[in-house]
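Undergrad: To be precise about what I am sending: the file is called query-v5.txt and holds compact mmCIF, C-alpha atoms.
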```txt
# COMPACT_ATOMS: atom_id res chain seq x y z
CA MET U 26 110.53 60.10 166.76
CA THR U 27 106.80 60.77 166.84
CA GLN U 28 105.48 63.13 164.19
CA THR U 29 102.76 65.36 165.60
CA LEU U 30 100.59 67.75 163.58
CA LEU U 31 97.96 70.21 164.80
CA ILE U 32 95.04 70.68 162.40
CA THR U 33 93.56 74.10 163.01
CA GLY U 34 91.39 76.44 160.96
CA THR U 35 90.30 79.98 160.31
CA ASN U 36 87.04 79.36 162.18
CA THR U 37 84.88 76.71 163.82
CA ASP U 38 83.40 75.13 160.69
CA ALA U 39 86.44 75.34 158.42
CA GLY U 40 86.77 71.56 157.98
CA LYS U 41 89.29 70.45 160.60
CA THR U 42 87.51 67.15 161.17
CA VAL U 43 87.41 66.39 157.43
CA LEU U 44 91.14 67.04 157.00
CA THR U 45 92.03 65.11 160.15
CA THR U 46 89.92 62.16 158.97
CA ALA U 47 91.47 62.33 155.49
CA LEU U 48 95.01 62.35 156.89
CA ALA U 49 94.19 59.46 159.23
CA ALA U 50 92.72 57.47 156.33
CA TYR U 51 95.84 58.23 154.29
CA TRP U 52 98.19 56.92 156.98
CA GLN U 53 96.14 53.79 157.61
CA THR U 54 95.82 53.07 153.87
CA TYR U 55 99.34 53.76 152.64
CA TYR U 56 101.41 53.23 155.81
CA PRO U 57 99.57 50.58 157.84
CA GLN U 58 102.82 49.74 159.65
CA LYS U 59 102.81 53.22 161.22
CA ARG U 60 101.12 53.45 164.62
CA LEU U 61 98.53 56.23 164.29
CA GLY U 62 96.96 58.24 167.09
CA ILE U 63 94.20 60.86 166.92
CA PHE U 64 93.84 63.47 169.63
CA LYS U 65 91.09 66.02 170.31
CA PRO U 66 92.41 67.83 173.40
CA ILE U 67 89.15 69.39 174.55
CA GLN U 68 85.63 68.82 173.27
CA THR U 69 82.54 70.84 174.04
CA GLY U 70 79.26 69.21 173.05
CA THR U 71 79.32 66.01 171.02
CA GLY U 72 80.70 64.94 167.68
CA ASP U 73 84.45 64.65 167.17
CA TRP U 74 85.73 61.88 169.44
CA GLU U 75 82.60 59.85 168.67
CA HIS U 76 83.34 60.26 164.96
CA TYR U 77 86.95 59.10 165.25
CA HIS U 78 86.05 56.23 167.56
CA GLN U 79 83.53 54.95 165.00
CA GLN U 80 85.60 55.57 161.87
CA PHE U 81 88.93 54.07 162.85
CA ASN U 82 90.32 51.07 164.67
CA LEU U 83 92.80 53.07 166.71
CA ASP U 84 93.18 50.95 169.82
CA GLN U 85 92.40 54.14 171.75
CA THR U 86 89.77 54.61 174.43
CA PRO U 87 87.48 57.65 174.23
CA GLN U 88 89.53 59.13 177.08
CA ASP U 89 92.72 58.60 175.05
CA ILE U 90 91.21 60.53 172.14
CA THR U 91 89.65 63.33 174.19
CA PRO U 92 90.79 63.64 177.81
CA LEU U 93 88.64 66.65 178.63
CA LYS U 94 84.95 66.90 177.67
CA PHE U 95 82.20 69.40 178.44
CA ASN U 96 78.50 69.05 177.67
CA HIS U 97 77.80 72.61 176.52
CA PRO U 98 78.78 73.27 172.85
CA VAL U 99 80.40 76.64 173.57
CA ALA U 100 83.95 77.91 174.14
CA PRO U 101 85.75 75.83 176.80
CA PRO U 102 86.04 78.63 179.42
CA VAL U 103 82.31 79.29 179.11
CA ALA U 104 81.44 75.58 179.19
CA ALA U 105 83.62 75.05 182.26
CA GLU U 106 81.94 77.94 184.10
CA ARG U 107 78.47 76.65 183.30
CA GLU U 108 79.35 73.20 184.57
CA GLY U 109 81.24 74.36 187.65
CA ARG U 110 84.48 72.75 186.50
CA ARG U 111 88.07 73.71 185.78
CA ILE U 112 90.03 73.34 182.55
CA GLU U 113 92.86 71.07 183.63
CA LEU U 114 95.45 71.56 180.89
CA LYS U 115 97.95 69.42 182.79
CA VAL U 116 95.66 66.43 182.28
CA VAL U 117 95.42 67.20 178.55
CA TRP U 118 99.19 67.63 178.18
CA GLN U 119 99.90 64.37 179.99
CA ALA U 120 97.43 62.50 177.76
CA LEU U 121 99.07 63.91 174.62
CA ASN U 122 102.52 63.05 175.93
CA ARG U 123 101.49 59.44 176.60
CA LEU U 124 100.03 59.14 173.11
CA GLN U 125 103.19 60.54 171.54
CA GLN U 126 105.25 57.93 173.36
CA GLN U 127 103.04 55.13 171.99
CA ARG U 128 102.53 56.24 168.35
CA ASP U 129 104.54 57.10 165.26
CA VAL U 130 102.09 59.75 164.03
CA VAL U 131 99.70 61.83 166.14
CA LEU U 132 97.04 64.04 164.52
CA VAL U 133 95.75 66.71 166.88
CA GLU U 134 92.46 68.36 165.92
CA GLY U 135 92.26 71.80 167.45
CA LEU U 136 89.13 73.53 168.65
CA GLY U 137 87.83 76.46 166.63
CA GLY U 138 90.60 78.58 165.14
CA LEU U 139 94.00 79.65 166.42
CA GLY U 140 92.37 82.58 168.21
CA SER U 141 89.78 80.44 169.97
CA PRO U 142 90.04 80.54 173.78
CA VAL U 143 91.16 77.46 175.67
CA THR U 144 91.15 79.16 179.07
CA HIS U 145 90.56 82.76 180.16
CA GLU U 146 94.24 83.42 179.53
CA LEU U 147 95.26 81.12 176.66
CA THR U 148 94.22 80.62 173.04
CA VAL U 149 94.80 77.65 170.73
CA ALA U 150 97.77 79.58 169.31
CA ASP U 151 99.33 79.79 172.77
CA ILE U 152 98.91 76.04 173.27
CA ALA U 153 100.37 75.29 169.82
CA ARG U 154 103.43 77.39 170.69
CA ASP U 155 103.91 76.12 174.24
CA TRP U 156 103.44 72.46 173.26
CA LYS U 157 105.56 72.90 170.11
CA LEU U 158 102.89 71.63 167.71
CA PRO U 159 103.61 72.18 163.99
CA SER U 160 100.33 73.24 162.44
CA VAL U 161 98.32 73.26 159.24
CA VAL U 162 95.47 75.72 158.68
CA VAL U 163 92.22 74.66 157.01
CA VAL U 164 90.56 77.48 155.06
CA PRO U 165 86.97 77.09 153.80
CA VAL U 166 86.42 78.23 150.22
CA GLU U 167 83.99 81.10 150.78
CA LEU U 168 83.72 84.87 150.58
CA GLY U 169 85.98 86.47 153.17
CA ALA U 170 88.46 83.59 153.16
CA ILE U 171 91.40 85.78 152.16
CA ALA U 172 91.02 88.14 155.12
CA GLN U 173 90.45 85.24 157.53
CA THR U 174 93.57 83.50 156.29
CA VAL U 175 95.76 86.58 156.50
CA ALA U 176 94.53 87.25 160.06
CA THR U 177 95.11 83.63 161.12
CA VAL U 178 98.65 83.57 159.72
CA ALA U 179 99.42 86.91 161.39
CA LEU U 180 98.27 85.52 164.74
CA ALA U 181 100.37 82.39 164.22
CA ARG U 182 103.48 84.47 163.56
CA GLN U 183 102.81 86.80 166.48
CA SER U 184 102.33 83.80 168.79
CA GLY U 185 105.32 81.83 167.50
CA VAL U 186 103.40 78.96 165.91
CA LEU U 187 105.17 76.94 163.22
CA LEU U 188 102.84 76.80 160.20
CA LYS U 189 103.57 73.99 157.75
CA GLY U 190 100.97 75.07 155.21
CA ILE U 191 97.38 75.86 154.29
CA VAL U 192 94.73 73.51 152.91
CA LEU U 193 91.66 74.90 151.13
CA ASN U 194 88.42 73.06 151.86
CA CYS U 195 85.21 73.08 149.83
CA VAL U 196 82.67 72.86 152.62
CA GLN U 197 79.99 73.22 149.94
CA PRO U 198 80.23 72.27 146.25
CA ARG U 199 82.40 74.91 144.57
CA SER U 200 83.22 75.53 140.93
CA ALA U 201 86.74 76.19 139.71
CA GLU U 202 85.68 79.81 139.25
CA ASP U 203 84.48 80.06 142.86
CA ILE U 204 87.78 78.68 144.12
CA ALA U 205 89.78 81.06 141.92
CA ASP U 206 87.69 84.07 142.98
CA TRP U 207 87.30 83.40 146.71
CA THR U 208 90.61 81.69 147.52
CA PRO U 209 93.12 82.73 144.82
CA ILE U 210 96.15 80.61 145.58
CA GLU U 211 98.90 82.92 144.32
CA LEU U 212 97.40 85.94 146.13
CA ILE U 213 97.03 84.10 149.45
CA GLN U 214 100.56 82.73 149.22
CA SER U 215 101.91 86.17 148.38
CA LEU U 216 100.11 87.80 151.32
CA THR U 217 100.96 85.13 153.87
CA GLN U 218 104.23 83.60 152.63
CA VAL U 219 102.76 80.21 153.60
CA PRO U 220 102.36 77.46 150.97
CA ILE U 221 98.93 76.20 149.98
CA LEU U 222 99.24 72.42 149.98
CA GLY U 223 96.12 71.61 147.99
CA ILE U 224 92.34 71.67 147.88
CA LEU U 225 89.90 69.29 149.51
CA PRO U 226 86.88 68.86 147.21
CA HIS U 227 83.37 68.76 148.60
CA LEU U 228 82.70 65.18 149.68
CA ALA U 229 79.16 63.86 149.42
CA ASP U 230 80.07 61.14 151.92
CA PRO U 231 82.65 62.42 154.44
CA THR U 232 82.87 58.93 155.98
CA ASP U 233 84.16 57.23 152.80
CA LEU U 234 87.67 56.37 153.99
CA SER U 235 88.95 55.21 150.60
CA LYS U 236 87.93 58.50 149.01
CA LEU U 237 89.35 60.47 151.94
CA ALA U 238 92.67 58.65 151.64
CA GLN U 239 92.72 59.44 147.94
CA VAL U 240 92.07 63.17 148.35
CA ALA U 241 94.69 63.35 151.11
CA SER U 242 97.23 61.69 148.82
CA GLU U 243 96.71 64.54 146.36
CA LEU U 244 97.86 67.11 148.93
CA GLU U 245 101.54 67.98 149.39
CA ILE U 246 101.76 65.59 152.33
CA GLU U 247 105.57 65.67 152.37
CA ARG U 248 105.44 69.31 153.56
CA LEU U 249 103.40 68.27 156.60
CA PHE U 250 105.49 65.27 157.66
```
In structure tokens, write the structure found in this file.
TA:
Amino acid sequence: MTQTLLITGTNTDAGKTVLTTALAAYWQTYYPQKRLGIFKPIQTGTGDWEHYHQQFNLDQTPQDITPLKFNHPVAPPVAAEREGRRIELKVVWQALNRLQQQRDVVLVEGLGGLGSPVTHELTVADIARDWKLPSVVVVPVELGAIAQTVATVALARQSGVLLKGIVLNCVQPRSAEDIADWTPIELIQSLTQVPILGILPHLADPTDLSKLAQVASELEIERLF
């Protein structure tokens, strides 16, 4: 049975790509016999599918990784309107379903946060619920992280999203004191009742796959899969 995980965040720059890359590096390093797939359902602008295509030998075409692309780096409904196109979620769902049939593990990088719009009617949280995607939330270590995390978890519960855990991410270099002050683990777990699975340190080279695999191995991976 294919294991699928949605990597979402509290906001756009939380570190979803870093965690997705780290998890992919982990699987390819420690479980090379597992067939891995990476999926970015919708991309606006450039960056993510190009990154995965360059970093990993996935035997996936760009269309397999990202079936729906828009040029404008804005929310999908806005990008679609500007380009005179429609957001064809059926195409995206079919592409994900094909990938799940071919792979043992599928990592799905979401767009924005759970509250980010996918269409004029649906958010990422709605898609995660409807497509039954277990999810992990990436939280950047910064001021305001507690409130963002509590709001994201509340939306997940309201929408019926299964949250497997939270991963803290040091987007910038952070001291132990910064982490303790801005993202106190016991307080966040108490407020959300969702486990924090570990902390991603700031990585000087986010393309170093051996280092990414190592930091992923230090997370509580067994809670995700």
Undergrad: Restricting the calculation to only C-alpha atoms: of U:Arg128, U:Lys94, U:His78, U:Arg111, which residue gets closest to Gly62 in chain U?
TA: U:Arg128
Undergrad: Would you pick out the contacts of Asn194 in chain U at 7 Å or less, using all atoms listed in the file, so that residues sharing its chain but fewer than 6 positions from it are not included, and give the list as a list of chain:residue names?
TA: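 Selected residues are U:Gly40, U:Val163, U:Val164, U:Pro165, U:Val166, U:Ile224, U:Leu225, U:Pro226.
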Undergrad: U:Gln197, U:Asn96, U:Gln80, U:Gln214: which is nearest His227 in chain U, counting all atoms listed in the file?
TA: U:Gln197
Undergrad: Go through U:Ile152, U:Val161, U:Met26, U:Val43 and flag the residue nearest Thr232 in chain U, using all atoms listed in the file for the distances.
TA: U:Val43
Undergrad: Which is closest to Ala39 in chain U among U:Pro101, U:Pro87, U:Gly70, U:Gly137, if we use only C-alpha atoms?
TA: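 Ranking U:Pro101, U:Pro87, U:Gly70, U:Gly137 by distance to Ala39 in chain U, first place goes to U:Gly137.
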Undergrad: Can range 184-195 of chain U be brought up to all heavy atoms and written out as a JSON list (two decimals), keeping the file's coordinate frame?
TA:
```
[["chain", "number", "residue", "atom", "x", "y", "z"],
["U", 184, "SER", "N", 102.31, 84.72, 167.64],
["U", 184, "SER", "CA", 102.33, 83.80, 168.79],
["U", 184, "SER", "C", 103.50, 82.84, 168.75],
["U", 184, "SER", "O", 103.76, 82.14, 169.74],
["U", 184, "SER", "CB", 101.02, 83.01, 168.82],
["U", 184, "SER", "OG", 99.90, 83.86, 168.91],
["U", 185, "GLY", "N", 104.19, 82.75, 167.61],
["U", 185, "GLY", "CA", 105.32, 81.83, 167.50],
["U", 185, "GLY", "C", 104.94, 80.42, 167.14],
["U", 185, "GLY", "O", 105.59, 79.46, 167.54],
["U", 186, "VAL", "N", 103.86, 80.27, 166.35],
["U", 186, "VAL", "CA", 103.40, 78.96, 165.91],
["U", 186, "VAL", "C", 104.07, 78.61, 164.59],
["U", 186, "VAL", "O", 104.11, 79.45, 163.67],
["U", 186, "VAL", "CB", 101.86, 78.93, 165.74],
["U", 186, "VAL", "CG1", 101.39, 77.57, 165.22],
["U", 186, "VAL", "CG2", 101.18, 79.27, 167.05],
["U", 187, "LEU", "N", 104.57, 77.39, 164.48],
["U", 187, "LEU", "CA", 105.17, 76.94, 163.22],
["U", 187, "LEU", "C", 104.07, 76.45, 162.29],
["U", 187, "LEU", "O", 103.42, 75.43, 162.55],
["U", 187, "LEU", "CB", 106.16, 75.80, 163.48],
["U", 187, "LEU", "CG", 106.72, 75.11, 162.23],
["U", 187, "LEU", "CD1", 107.49, 76.09, 161.35],
["U", 187, "LEU", "CD2", 107.60, 73.93, 162.62],
["U", 188, "LEU", "N", 103.85, 77.19, 161.19],
["U", 188, "LEU", "CA", 102.84, 76.80, 160.20],
["U", 188, "LEU", "C", 103.51, 76.03, 159.07],
["U", 188, "LEU", "O", 104.43, 76.53, 158.42],
["U", 188, "LEU", "CB", 102.13, 78.03, 159.63],
["U", 188, "LEU", "CG", 101.13, 78.74, 160.51],
["U", 188, "LEU", "CD1", 100.43, 79.85, 159.72],
["U", 188, "LEU", "CD2", 100.10, 77.78, 161.08],
["U", 189, "LYS", "N", 103.02, 74.82, 158.82],
["U", 189, "LYS", "CA", 103.57, 73.99, 157.75],
["U", 189, "LYS", "C", 102.89, 74.28, 156.41],
["U", 189, "LYS", "O", 103.45, 73.99, 155.36],
["U", 189, "LYS", "CB", 103.38, 72.51, 158.10],
["U", 189, "LYS", "CG", 103.96, 72.13, 159.45],
["U", 189, "LYS", "CD", 105.46, 72.02, 159.44],
["U", 189, "LYS", "CE", 105.90, 70.71, 158.87],
["U", 189, "LYS", "NZ", 107.36, 70.53, 158.97],
["U", 190, "GLY", "N", 101.66, 74.80, 156.46],
["U", 190, "GLY", "CA", 100.97, 75.07, 155.21],
["U", 190, "GLY", "C", 99.49, 75.33, 155.43],
["U", 190, "GLY", "O", 98.98, 75.33, 156.57],
["U", 191, "ILE", "N", 98.81, 75.56, 154.32],
["U", 191, "ILE", "CA", 97.38, 75.86, 154.29],
["U", 191, "ILE", "C", 96.71, 74.85, 153.37],
["U", 191, "ILE", "O", 97.25, 74.50, 152.32],
["U", 191, "ILE", "CB", 97.14, 77.29, 153.75],
["U", 191, "ILE", "CG1", 97.72, 78.34, 154.72],
["U", 191, "ILE", "CG2", 95.65, 77.55, 153.49],
["U", 191, "ILE", "CD1", 97.81, 79.73, 154.10],
["U", 192, "VAL", "N", 95.54, 74.37, 153.77],
["U", 192, "VAL", "CA", 94.73, 73.51, 152.91],
["U", 192, "VAL", "C", 93.37, 74.17, 152.71],
["U", 192, "VAL", "O", 92.71, 74.57, 153.68],
["U", 192, "VAL", "CB", 94.55, 72.11, 153.54],
["U", 192, "VAL", "CG1", 93.54, 71.29, 152.71],
["U", 192, "VAL", "CG2", 95.87, 71.38, 153.62],
["U", 193, "LEU", "N", 92.98, 74.34, 151.45],
["U", 193, "LEU", "CA", 91.66, 74.90, 151.13],
["U", 193, "LEU", "C", 90.63, 73.78, 151.18],
["U", 193, "LEU", "O", 90.90, 72.66, 150.74],
["U", 193, "LEU", "CB", 91.68, 75.55, 149.75],
["U", 193, "LEU", "CG", 92.74, 76.63, 149.52],
["U", 193, "LEU", "CD1", 92.64, 77.16, 148.08],
["U", 193, "LEU", "CD2", 92.62, 77.75, 150.53],
["U", 194, "ASN", "N", 89.45, 74.08, 151.70],
["U", 194, "ASN", "CA", 88.42, 73.06, 151.86],
["U", 194, "ASN", "C", 87.09, 73.53, 151.31],
["U", 194, "ASN", "O", 86.59, 74.59, 151.70],
["U", 194, "ASN", "CB", 88.26, 72.70, 153.34],
["U", 194, "ASN", "CG", 87.15, 71.70, 153.56],
["U", 194, "ASN", "OD1", 87.02, 70.72, 152.82],
["U", 194, "ASN", "ND2", 86.33, 71.93, 154.58],
["U", 195, "CYS", "N", 86.52, 72.76, 150.40],
["U", 195, "CYS", "CA", 85.21, 73.08, 149.83],
["U", 195, "CYS", "C", 84.13, 72.50, 150.73],
["U", 195, "CYS", "O", 83.70, 71.35, 150.58],
["U", 195, "CYS", "CB", 85.08, 72.52, 148.41],
["U", 195, "CYS", "SG", 86.27, 73.23, 147.24]]
```
